[in-house]
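Student: Next up, query.pdb (PDB, C-alpha atoms).
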```pdb
ATOM      1  CA  MET A 162      19.732 -39.785 -18.895
ATOM      2  CA  ALA A 163      22.242 -41.880 -20.766
ATOM      3  CA  SER A 164      21.277 -44.910 -22.733
ATOM      4  CA  ASP A 165      23.103 -48.183 -22.520
ATOM      5  CA  GLU A 166      24.916 -47.245 -25.673
ATOM      6  CA  GLY A 167      26.162 -44.082 -23.956
ATOM      7  CA  TRP A 168      29.666 -45.372 -23.444
ATOM      8  CA  ASP A 169      31.326 -48.463 -24.720
ATOM      9  CA  GLY A 170      34.551 -48.886 -22.838
ATOM     10  CA  ALA A 171      33.341 -51.694 -20.618
ATOM     11  CA  ALA A 172      35.140 -54.236 -22.721
ATOM     12  CA  ALA A 173      38.345 -52.282 -22.931
ATOM     13  CA  ALA A 174      41.306 -53.133 -20.787
ATOM     14  CA  GLU A 175      41.611 -49.535 -19.681
ATOM     15  CA  ILE A 176      38.792 -47.042 -19.280
ATOM     16  CA  ALA A 177      39.274 -43.749 -21.087
ATOM     17  CA  PRO A 178      38.994 -40.610 -18.940
ATOM     18  CA  ASP A 179      36.183 -39.211 -21.093
ATOM     19  CA  GLU A 180      34.160 -42.373 -20.623
ATOM     20  CA  ALA A 181      34.720 -42.213 -16.879
ATOM     21  CA  ALA A 182      33.736 -38.532 -16.933
ATOM     22  CA  ARG A 183      30.503 -39.397 -18.731
ATOM     23  CA  ALA A 184      29.763 -42.050 -16.129
ATOM     24  CA  ILE A 185      30.382 -39.546 -13.310
ATOM     25  CA  SER A 186      28.101 -37.051 -15.079
ATOM     26  CA  ALA A 187      25.375 -39.682 -15.299
ATOM     27  CA  ILE A 188      25.700 -40.350 -11.566
ATOM     28  CA  GLU A 189      25.434 -36.643 -10.814
ATOM     29  CA  ALA A 190      22.397 -36.351 -13.089
ATOM     30  CA  SER A 191      20.729 -39.210 -11.202
ATOM     31  CA  ARG A 192      21.462 -37.542  -7.881
ATOM     32  CA  SER A 193      20.083 -34.211  -9.093
ATOM     33  CA  TRP A 194      16.949 -35.894 -10.378
ATOM     34  CA  LEU A 195      16.489 -37.657  -7.037
ATOM     35  CA  ALA A 196      17.136 -34.439  -5.084
ATOM     36  CA  ASP A 197      14.489 -32.624  -7.149
ATOM     37  CA  ARG A 198      12.042 -35.437  -6.559
ATOM     38  CA  ILE A 199      12.597 -35.505  -2.804
ATOM     39  CA  ILE A 200      11.768 -31.808  -2.395
ATOM     40  CA  ALA A 201       8.252 -31.558  -1.047
ATOM     41  CA  PRO A 202       5.719 -29.427  -2.934
ATOM     42  CA  GLY A 203       4.777 -26.033  -1.491
ATOM     43  CA  TRP A 204       1.462 -27.202  -0.072
ATOM     44  CA  TYR A 205       3.130 -29.953   1.958
ATOM     45  CA  HIS A 206       4.835 -27.775   4.566
ATOM     46  CA  LEU A 207       1.954 -25.315   4.516
ATOM     47  CA  ALA A 208      -0.447 -28.159   5.360
ATOM     48  CA  PHE A 209       1.786 -29.179   8.280
ATOM     49  CA  GLY A 210       1.863 -25.565   9.413
ATOM     50  CA  LEU A 211      -1.915 -25.235   9.245
ATOM     51  CA  LEU A 212      -2.362 -28.461  11.197
ATOM     52  CA  ALA A 213       0.024 -27.299  13.929
ATOM     53  CA  GLY A 214      -1.345 -23.758  13.940
ATOM     54  CA  GLY A 215      -4.924 -24.984  14.012
ATOM     55  CA  ALA A 216      -4.242 -27.319  16.915
ATOM     56  CA  ILE A 217      -2.647 -24.493  18.929
ATOM     57  CA  ALA A 218      -5.189 -21.802  17.996
ATOM     58  CA  GLU A 219      -8.052 -24.116  18.884
ATOM     59  CA  ALA A 220      -7.130 -23.727  22.576
ATOM     60  CA  GLU A 221      -8.683 -20.274  22.317
ATOM     61  CA  MET A 222     -12.099 -22.002  22.307
ATOM     62  CA  ARG A 223     -11.511 -23.454  25.812
ATOM     63  CA  SER A 224     -13.230 -26.717  24.999
ATOM     64  CA  TRP A 225     -11.785 -30.083  26.013
ATOM     65  CA  VAL A 226     -13.847 -31.812  23.338
ATOM     66  CA  LEU A 227     -12.436 -29.562  20.648
ATOM     67  CA  PHE A 228      -8.962 -29.992  22.107
ATOM     68  CA  ALA A 229      -9.274 -33.781  21.899
ATOM     69  CA  TRP A 230     -10.491 -33.549  18.309
ATOM     70  CA  SER A 231      -7.660 -31.192  17.381
ATOM     71  CA  VAL A 232      -5.093 -33.656  18.730
ATOM     72  CA  VAL A 233      -6.735 -36.455  16.731
ATOM     73  CA  GLY A 234      -6.913 -34.254  13.636
ATOM     74  CA  TYR A 235      -3.262 -33.222  13.995
ATOM     75  CA  THR A 236      -2.084 -36.809  14.414
ATOM     76  CA  VAL A 237      -4.175 -38.217  11.567
ATOM     77  CA  GLY A 238      -3.390 -35.235   9.334
ATOM     78  CA  CYS A 239       0.373 -35.474   9.831
ATOM     79  CA  SER A 240       0.321 -39.235   9.238
ATOM     80  CA  ALA A 241      -1.740 -38.815   6.059
ATOM     81  CA  LEU A 242       0.569 -36.086   4.751
ATOM     82  CA  MET A 243       3.680 -38.187   5.347
ATOM     83  CA  TRP A 244       2.028 -41.212   3.716
ATOM     84  CA  LEU A 245       0.993 -39.138   0.682
ATOM     85  CA  ASN A 246       4.471 -37.686   0.313
ATOM     86  CA  GLN A 247       6.060 -41.102   0.618
ATOM     87  CA  ARG A 248       3.787 -42.341  -2.191
ATOM     88  CA  ARG A 249       4.572 -39.288  -4.308
ATOM     89  CA  VAL A 250       8.344 -39.547  -3.907
ATOM     90  CA  GLY A 251       8.493 -43.332  -4.230
ATOM     91  CA  VAL A 252      11.586 -43.752  -2.087
ATOM     92  CA  ALA A 253      12.262 -44.534   1.538
ATOM     93  CA  MET A 254      15.230 -42.810   3.068
ATOM     94  CA  LYS A 255      16.681 -41.616   6.340
ATOM     95  CA  TYR A 256      15.428 -38.061   6.539
ATOM     96  CA  PHE A 257      17.199 -37.426   9.804
ATOM     97  CA  ASP A 258      20.894 -36.822  10.110
ATOM     98  CA  ALA A 259      22.580 -34.562  12.678
ATOM     99  CA  CYS A 260      21.571 -31.326  10.908
ATOM    100  CA  THR A 261      17.967 -32.176  10.052
ATOM    101  CA  ARG A 262      17.433 -33.660  13.513
ATOM    102  CA  ALA A 263      18.710 -30.407  15.050
ATOM    103  CA  ILE A 264      16.241 -28.414  12.919
ATOM    104  CA  PHE A 265      13.369 -30.700  13.898
ATOM    105  CA  THR A 266      14.293 -30.513  17.590
ATOM    106  CA  GLY A 267      14.612 -26.744  17.376
ATOM    107  CA  HIS A 268      11.223 -26.516  15.689
ATOM    108  CA  VAL A 269       9.507 -28.663  18.339
ATOM    109  CA  MET A 270      11.134 -26.616  21.111
ATOM    110  CA  THR A 271      10.077 -23.349  19.460
ATOM    111  CA  LEU A 272       6.461 -24.505  19.156
ATOM    112  CA  SER A 273       6.556 -25.729  22.760
ATOM    113  CA  ALA A 274       7.862 -22.344  23.880
ATOM    114  CA  LEU A 275       5.104 -20.615  21.884
ATOM    115  CA  ILE A 276       2.476 -22.775  23.581
ATOM    116  CA  ALA A 277       4.023 -22.141  27.004
ATOM    117  CA  VAL A 278       4.015 -18.382  26.459
ATOM    118  CA  ALA A 279       0.423 -18.532  25.187
ATOM    119  CA  CYS A 280      -0.603 -20.520  28.283
ATOM    120  CA  TRP A 281       1.083 -17.983  30.557
ATOM    121  CA  LEU A 282      -0.462 -14.990  28.794
ATOM    122  CA  ASP A 283      -3.949 -16.474  28.590
ATOM    123  CA  LEU A 284      -4.302 -18.493  31.772
ATOM    124  CA  ASP A 285      -2.117 -16.429  34.102
ATOM    125  CA  ARG A 286      -2.446 -12.917  32.720
ATOM    126  CA  GLY A 287      -5.912 -13.283  31.239
ATOM    127  CA  ILE A 288      -4.868 -11.930  27.845
ATOM    128  CA  ARG A 289      -7.263 -13.333  25.254
ATOM    129  CA  GLY A 290      -6.038 -14.136  21.746
ATOM    130  CA  ALA A 291      -2.662 -15.492  22.878
ATOM    131  CA  PHE A 292      -3.363 -19.004  21.590
ATOM    132  CA  LEU A 293      -4.672 -17.625  18.316
ATOM    133  CA  ALA A 294      -1.515 -15.552  17.870
ATOM    134  CA  ALA A 295       0.649 -18.550  18.744
ATOM    135  CA  GLY A 296      -1.239 -20.661  16.203
ATOM    136  CA  VAL A 297      -0.770 -18.050  13.499
ATOM    137  CA  LEU A 298       2.961 -17.828  14.293
ATOM    138  CA  ALA A 299       3.287 -21.622  14.167
ATOM    139  CA  VAL A 300       2.357 -21.701  10.456
ATOM    140  CA  PRO A 301       5.332 -19.749   9.009
ATOM    141  CA  LEU A 302       7.668 -21.322  11.557
ATOM    142  CA  THR A 303       6.638 -24.804  10.397
ATOM    143  CA  VAL A 304       6.921 -23.863   6.723
ATOM    144  CA  ALA A 305      10.388 -22.355   7.258
ATOM    145  CA  SER A 306      11.566 -25.386   9.207
ATOM    146  CA  GLY A 307      10.287 -27.755   6.507
ATOM    147  CA  ARG A 308      11.898 -25.813   3.690
ATOM    148  CA  TRP A 309      15.193 -25.601   5.560
ATOM    149  CA  THR A 310      15.118 -29.369   6.057
ATOM    150  CA  ASP A 311      14.366 -29.858   2.351
ATOM    151  CA  LYS A 312      17.312 -27.651   1.417
ATOM    152  CA  LEU A 313      19.685 -29.732   3.571
ATOM    153  CA  LEU A 314      18.259 -32.994   2.205
ATOM    154  CA  ARG A 315      18.745 -31.750  -1.323
ATOM    155  CA  ALA A 316      22.367 -30.803  -0.611
ATOM    156  CA  ARG A 317      22.980 -34.174   1.018
ATOM    157  CA  LEU A 318      21.556 -36.075  -1.938
ATOM    158  CA  GLN A 319      23.456 -34.025  -4.483
ATOM    159  CA  ALA A 320      26.664 -34.685  -2.568
ATOM    160  CA  GLY A 321      25.884 -38.382  -2.778
ATOM    161  CA  GLN A 322      25.848 -38.929   0.974
TER     162      GLN A 322
ATOM    163  CA  MET B  57      38.182 -45.426   6.062
ATOM    164  CA  SER B  58      38.468 -44.641   2.348
ATOM    165  CA  THR B  59      36.998 -46.915  -0.304
ATOM    166  CA  ALA B  60      39.458 -48.701  -2.548
ATOM    167  CA  PRO B  61      38.977 -48.146  -6.286
ATOM    168  CA  ARG B  62      37.482 -51.206  -7.893
ATOM    169  CA  PHE B  63      36.124 -51.165 -11.395
ATOM    170  CA  ASP B  64      32.980 -53.261 -11.560
ATOM    171  CA  GLU B  65      31.708 -54.213 -14.973
ATOM    172  CA  ILE B  66      28.262 -55.129 -13.681
ATOM    173  CA  VAL B  67      27.790 -51.674 -12.206
ATOM    174  CA  HIS B  68      29.444 -49.855 -15.100
ATOM    175  CA  ALA B  69      26.662 -50.324 -17.668
ATOM    176  CA  PRO B  70      24.989 -46.873 -17.874
ATOM    177  CA  ASN B  71      21.513 -47.876 -16.751
ATOM    178  CA  ARG B  72      22.817 -50.091 -13.973
ATOM    179  CA  LEU B  73      25.143 -47.329 -12.808
ATOM    180  CA  GLN B  74      22.188 -44.965 -12.578
ATOM    181  CA  ILE B  75      20.087 -47.556 -10.779
ATOM    182  CA  CYS B  76      22.879 -47.960  -8.234
ATOM    183  CA  ALA B  77      23.345 -44.171  -7.964
ATOM    184  CA  VAL B  78      19.686 -43.741  -7.047
ATOM    185  CA  LEU B  79      19.569 -46.701  -4.660
ATOM    186  CA  ALA B  80      22.835 -45.709  -2.955
ATOM    187  CA  ALA B  81      21.249 -42.451  -1.796
ATOM    188  CA  VAL B  82      18.112 -43.988  -0.284
ATOM    189  CA  ASP B  83      17.039 -46.973   1.782
ATOM    190  CA  SER B  84      14.753 -48.262  -0.958
ATOM    191  CA  ALA B  85      13.054 -47.010  -4.102
ATOM    192  CA  ASP B  86       9.932 -48.127  -5.923
ATOM    193  CA  PHE B  87      10.352 -49.845  -9.266
ATOM    194  CA  ALA B  88       8.187 -47.149 -10.897
ATOM    195  CA  THR B  89      10.313 -44.372  -9.424
ATOM    196  CA  VAL B  90      13.552 -45.861 -10.720
ATOM    197  CA  ARG B  91      11.962 -46.472 -14.111
ATOM    198  CA  GLU B  92      10.870 -42.848 -14.250
ATOM    199  CA  GLY B  93      14.341 -41.678 -13.298
ATOM    200  CA  LEU B  94      15.990 -43.729 -16.006
ATOM    201  CA  GLY B  95      13.312 -43.055 -18.598
ATOM    202  CA  VAL B  96      13.243 -46.661 -19.751
ATOM    203  CA  ALA B  97      10.580 -49.294 -20.319
ATOM    204  CA  ASP B  98       9.586 -51.819 -17.654
ATOM    205  CA  SER B  99      11.248 -54.633 -19.605
ATOM    206  CA  VAL B 100      14.565 -52.770 -19.857
ATOM    207  CA  LEU B 101      14.611 -51.985 -16.155
ATOM    208  CA  SER B 102      13.620 -55.553 -15.296
ATOM    209  CA  LYS B 103      16.547 -56.864 -17.316
ATOM    210  CA  HIS B 104      19.041 -54.675 -15.449
ATOM    211  CA  ILE B 105      17.479 -55.450 -12.104
ATOM    212  CA  ARG B 106      17.808 -59.143 -12.829
ATOM    213  CA  VAL B 107      21.531 -58.729 -13.564
ATOM    214  CA  LEU B 108      22.097 -56.730 -10.378
ATOM    215  CA  HIS B 109      19.988 -59.127  -8.347
ATOM    216  CA  GLU B 110      21.864 -62.172  -9.656
ATOM    217  CA  ALA B 111      25.120 -60.461  -8.719
ATOM    218  CA  GLY B 112      23.767 -59.990  -5.195
ATOM    219  CA  TYR B 113      23.830 -56.213  -5.528
ATOM    220  CA  ILE B 114      20.153 -55.460  -5.012
ATOM    221  CA  GLU B 115      17.231 -56.983  -3.184
ATOM    222  CA  VAL B 116      13.758 -56.947  -4.670
ATOM    223  CA  HIS B 117      10.752 -56.722  -2.344
ATOM    224  CA  LYS B 118       7.172 -57.119  -3.434
ATOM    225  CA  ALA B 119       4.302 -55.919  -1.274
ATOM    226  CA  THR B 120       0.605 -56.011  -2.019
ATOM    227  CA  PHE B 121      -1.370 -52.917  -1.100
ATOM    228  CA  ALA B 122      -5.000 -52.399  -2.087
ATOM    229  CA  SER B 123      -4.745 -55.375  -4.461
ATOM    230  CA  ARG B 124      -1.800 -53.783  -6.260
ATOM    231  CA  VAL B 125       1.721 -55.141  -6.128
ATOM    232  CA  ARG B 126       4.404 -52.607  -5.343
ATOM    233  CA  THR B 127       7.969 -53.582  -6.099
ATOM    234  CA  SER B 128      10.739 -51.876  -4.202
ATOM    235  CA  LEU B 129      14.468 -52.142  -4.696
ATOM    236  CA  THR B 130      17.243 -51.980  -2.107
ATOM    237  CA  LEU B 131      20.984 -51.907  -2.595
ATOM    238  CA  THR B 132      22.664 -54.679  -0.614
ATOM    239  CA  GLU B 133      25.902 -54.153   1.307
ATOM    240  CA  ALA B 134      27.754 -55.914  -1.489
ATOM    241  CA  GLY B 135      26.047 -53.672  -4.008
ATOM    242  CA  ARG B 136      26.898 -50.554  -2.071
ATOM    243  CA  ALA B 137      30.527 -51.630  -1.750
ATOM    244  CA  ALA B 138      30.696 -52.394  -5.481
ATOM    245  CA  TYR B 139      29.108 -49.064  -6.385
ATOM    246  CA  ASP B 140      31.320 -47.070  -4.010
ATOM    247  CA  GLY B 141      34.446 -48.794  -5.276
ATOM    248  CA  HIS B 142      33.376 -48.236  -8.859
ATOM    249  CA  VAL B 143      32.760 -44.526  -8.305
ATOM    250  CA  VAL B 144      36.187 -44.164  -6.676
ATOM    251  CA  ALA B 145      37.730 -45.959  -9.673
ATOM    252  CA  LEU B 146      35.918 -43.648 -12.109
ATOM    253  CA  ARG B 147      37.082 -40.578 -10.199
ATOM    254  CA  ALA B 148      40.649 -41.887 -10.213
ATOM    255  CA  ILE B 149      40.475 -42.280 -13.990
ATOM    256  CA  VAL B 150      38.996 -38.814 -14.462
ATOM    257  CA  GLY B 151      41.617 -37.410 -12.110
ATOM    258  CA  GLY B 152      44.337 -38.819 -14.360
ATOM    259  CA  LYS B 153      45.725 -41.142 -11.728
ATOM    260  CA  GLY B 154      46.100 -43.842 -14.331
ATOM    261  CA  PHE B 155      43.801 -46.303 -12.613
ATOM    262  CA  ARG B 156      44.137 -49.625 -14.291
ATOM    263  CA  ASP B 157      41.461 -52.222 -13.841
ATOM    264  CA  THR B 158      42.628 -55.254 -11.933
ATOM    265  CA  ALA B 159      39.271 -56.430 -10.657
ATOM    266  CA  ARG B 160      37.151 -56.812 -13.736
ATOM    267  CA  ARG B 161      34.755 -59.667 -13.688
ATOM    268  CA  PRO B 162      35.219 -62.190 -16.438
ATOM    269  CA  GLY B 163      32.165 -63.345 -18.286
ATOM    270  CA  VAL B 164      30.020 -60.258 -17.682
ATOM    271  CA  PRO B 165      28.340 -59.201 -20.892
ATOM    272  CA  ALA B 166      29.297 -55.728 -22.037
ATOM    273  CA  GLU B 167      26.380 -53.502 -23.007
TER     274      GLU B 167
END
```
Kindly present the structure from the file in structure tokens form.

Tutor:
Amino acid sequence: MASDEGWDGAAAAEIAPDEAARAISAIEASRSWLADRIIAPGWYHLAFGLLAGGAIAEAEMRSWVLFAWSVVGYTVGCSALMWLNQRRVGVAMKYFDACTRAIFTGHVMTLSALIAVACWLDLDRGIRGAFLAAGVLAVPLTVASGRWTDKLLRARLQAGQ
Amino acid sequence: MSTAPRFDEIVHAPNRLQICAVLAAVDSADFATVREGLGVADSVLSKHIRVLHEAGYIEVHKATFASRVRTSLTLTEAGRAAYDGHVVALRAIVGGKGFRDTARRPGVPAE
């Protein structure tokens, strides 16, 4: 990034276009750097996916104790992941705008639908393995949703919004 | 409502412009993160932060966590307005609209 000696027109009565262009370039470089930093590493969304998938697939065991522990594990795990990422990135920002909120809502509704279908198949139709399948499906869905959100965040940051 | 172009000499210094560019995109950023982004020493960043803080453009928060002090920086509304106006002024200059500074601050040291 530019040093403080990068442009020297601050004392001039009129700023030269090339100096202004260099300043704009520096702003864009800062935004790009920030956008790159915000993007979560590959393991981040995968870890979320495994937490969600594990919590859903666990229902296959038909144990209330395990179910309770999976809910605790999911909650603690998600909180720890978000805390770790916040520490890694070093910034606090509004992750949700209209687009990212729509993706998040869509993701929650998709997982809810998966769970509902698994409940129907397993509890009503007696088809074993439905929760396991739903859990496995939840992993790529969560990863895709997270990466899509990252892509929109990156575009938003690069646009300076 | 569009932002009026307003050249701001405090914001214009390269490092301060980049500090504002980072802070304008987020709610707050850690001192270490901004320092890493600028690639400058602690003392250099502290100097620029002091200038921006004295101008009322940024707020500095210190929080102690696990016996370590974390410093975070936030752009104030005045800082955001100054940065936005400055960026519009720069774009007007680049766009060849002949923007002429009428709002420069006297007494601000050039870098």

Student: Quote the spacing between atom CA of A:Ala181 and atom CA of B:Ile149 in Å to one decimal place.

Tutor: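 For atom CA of A:Ala181 relative to atom CA of B:Ile149, the distance reads 6.4 Å.
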
Student: Please identify all polymer residues within 12 Å of stretch 116-125 of chain B, counting all atoms listed in the file, omitting same-chain residues fewer than 6 positions from it, and present them as a PDB file with C-alpha atoms, in the coordinates of the input.

Tutor:
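Contents of out_5.pdb, as written:
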```
ATOM      1  CA  ARG A 248       3.787 -42.341  -2.191  1.00  0.00           C
TER       2      ARG A 248
ATOM      3  CA  LEU B  79      19.569 -46.701  -4.660  1.00  0.00           C
ATOM      4  CA  SER B  84      14.753 -48.262  -0.958  1.00  0.00           C
ATOM      5  CA  ALA B  85      13.054 -47.010  -4.102  1.00  0.00           C
ATOM      6  CA  ASP B  86       9.932 -48.127  -5.923  1.00  0.00           C
ATOM      7  CA  PHE B  87      10.352 -49.845  -9.266  1.00  0.00           C
ATOM      8  CA  ALA B  88       8.187 -47.149 -10.897  1.00  0.00           C
ATOM      9  CA  SER B 102      13.620 -55.553 -15.296  1.00  0.00           C
ATOM     10  CA  ILE B 105      17.479 -55.450 -12.104  1.00  0.00           C
ATOM     11  CA  ARG B 106      17.808 -59.143 -12.829  1.00  0.00           C
ATOM     12  CA  VAL B 107      21.531 -58.729 -13.564  1.00  0.00           C
ATOM     13  CA  LEU B 108      22.097 -56.730 -10.378  1.00  0.00           C
ATOM     14  CA  HIS B 109      19.988 -59.127  -8.347  1.00  0.00           C
ATOM     15  CA  GLU B 110      21.864 -62.172  -9.656  1.00  0.00           C
ATOM     16  CA  LEU B 131      20.984 -51.907  -2.595  1.00  0.00           C
ATOM     17  CA  THR B 132      22.664 -54.679  -0.614  1.00  0.00           C
TER      18      THR B 132
END
```

Student: Around (36.5, -45.4, -13.4) in the file's frame, which residues reach within 10 Å when counting only C-alpha atoms? Return as a count of residues only?

Tutor: 30

Student: Which value, in Å to one decimal, gives the distance between atom CA of B:Lys103 and atom CA of B:Ala60?

Tutor: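 It comes out at 28.5 Å.
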
Student: If you count all atoms listed in the file, which residues fall within 8 Å of stretch 221-238 of chain A, apart from same-chain ones fewer than 3 positions away, as number ranges by chain?

Tutor: A: 212-213, 215-216, 218, 241-242, 289-293

Student: Starting from the point (3.0, -22.3, 20.8), work out which residues of protein, DNA or RNA have an atom no more than 8 Å away when counting only C-alpha atoms; state them as a count of residues only.

Tutor: 15

Student: With distances taken over all atoms listed in the file, which of B:Ala111, B:Asp140, B:Asp98, B:Glu133 is nearest to chain A?

Tutor: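 Between B:Ala111, B:Asp140, B:Asp98, B:Glu133, the residue approaching chain A most closely is B:Asp140.
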
Student: How many Å separate atom CA of B:Arg136 from atom CA of A:Arg308?

Tutor: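 Computing it gives 29.5 Å between the two atoms.
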
Student: Which is closer to chain B than all the others in A:Glu219, A:Gln247, A:Ala253, A:Cys260, using all atoms listed in the file?

Tutor: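 For chain B, the nearest of the candidates is A:Ala253.
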
Student: I need the residue set behind the PyMOL selection byres ((chain A and resi 261) around 10) for this file; please write it as a list in words.

Tutor: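 With the PyMOL selection byres ((chain A and resi 261) around 10) on this model, the match is Tyr256, Phe257, Asp258, Ala259, Cys260, Arg262, Ala263, Ile264, Phe265, Thr266, Gly267, Ser306, Gly307, Trp309, Thr310, Asp311, Lys312, Leu313 and Leu314 of chain A.
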
Student: How would the residues just chosen look if you wrote them out with C-alpha atoms as a PDB file, keeping the file's coordinate frame?

Tutor:
```
ATOM      1  CA  TYR A 256      15.428 -38.061   6.539  1.00  0.00           C
ATOM      2  CA  PHE A 257      17.199 -37.426   9.804  1.00  0.00           C
ATOM      3  CA  ASP A 258      20.894 -36.822  10.110  1.00  0.00           C
ATOM      4  CA  ALA A 259      22.580 -34.562  12.678  1.00  0.00           C
ATOM      5  CA  CYS A 260      21.571 -31.326  10.908  1.00  0.00           C
ATOM      6  CA  ARG A 262      17.433 -33.660  13.513  1.00  0.00           C
ATOM      7  CA  ALA A 263      18.710 -30.407  15.050  1.00  0.00           C
ATOM      8  CA  ILE A 264      16.241 -28.414  12.919  1.00  0.00           C
ATOM      9  CA  PHE A 265      13.369 -30.700  13.898  1.00  0.00           C
ATOM     10  CA  THR A 266      14.293 -30.513  17.590  1.00  0.00           C
ATOM     11  CA  GLY A 267      14.612 -26.744  17.376  1.00  0.00           C
ATOM     12  CA  SER A 306      11.566 -25.386   9.207  1.00  0.00           C
ATOM     13  CA  GLY A 307      10.287 -27.755   6.507  1.00  0.00           C
ATOM     14  CA  TRP A 309      15.193 -25.601   5.560  1.00  0.00           C
ATOM     15  CA  THR A 310      15.118 -29.369   6.057  1.00  0.00           C
ATOM     16  CA  ASP A 311      14.366 -29.858   2.351  1.00  0.00           C
ATOM     17  CA  LYS A 312      17.312 -27.651   1.417  1.00  0.00           C
ATOM     18  CA  LEU A 313      19.685 -29.732   3.571  1.00  0.00           C
ATOM     19  CA  LEU A 314      18.259 -32.994   2.205  1.00  0.00           C
TER      20      LEU A 314
END
```
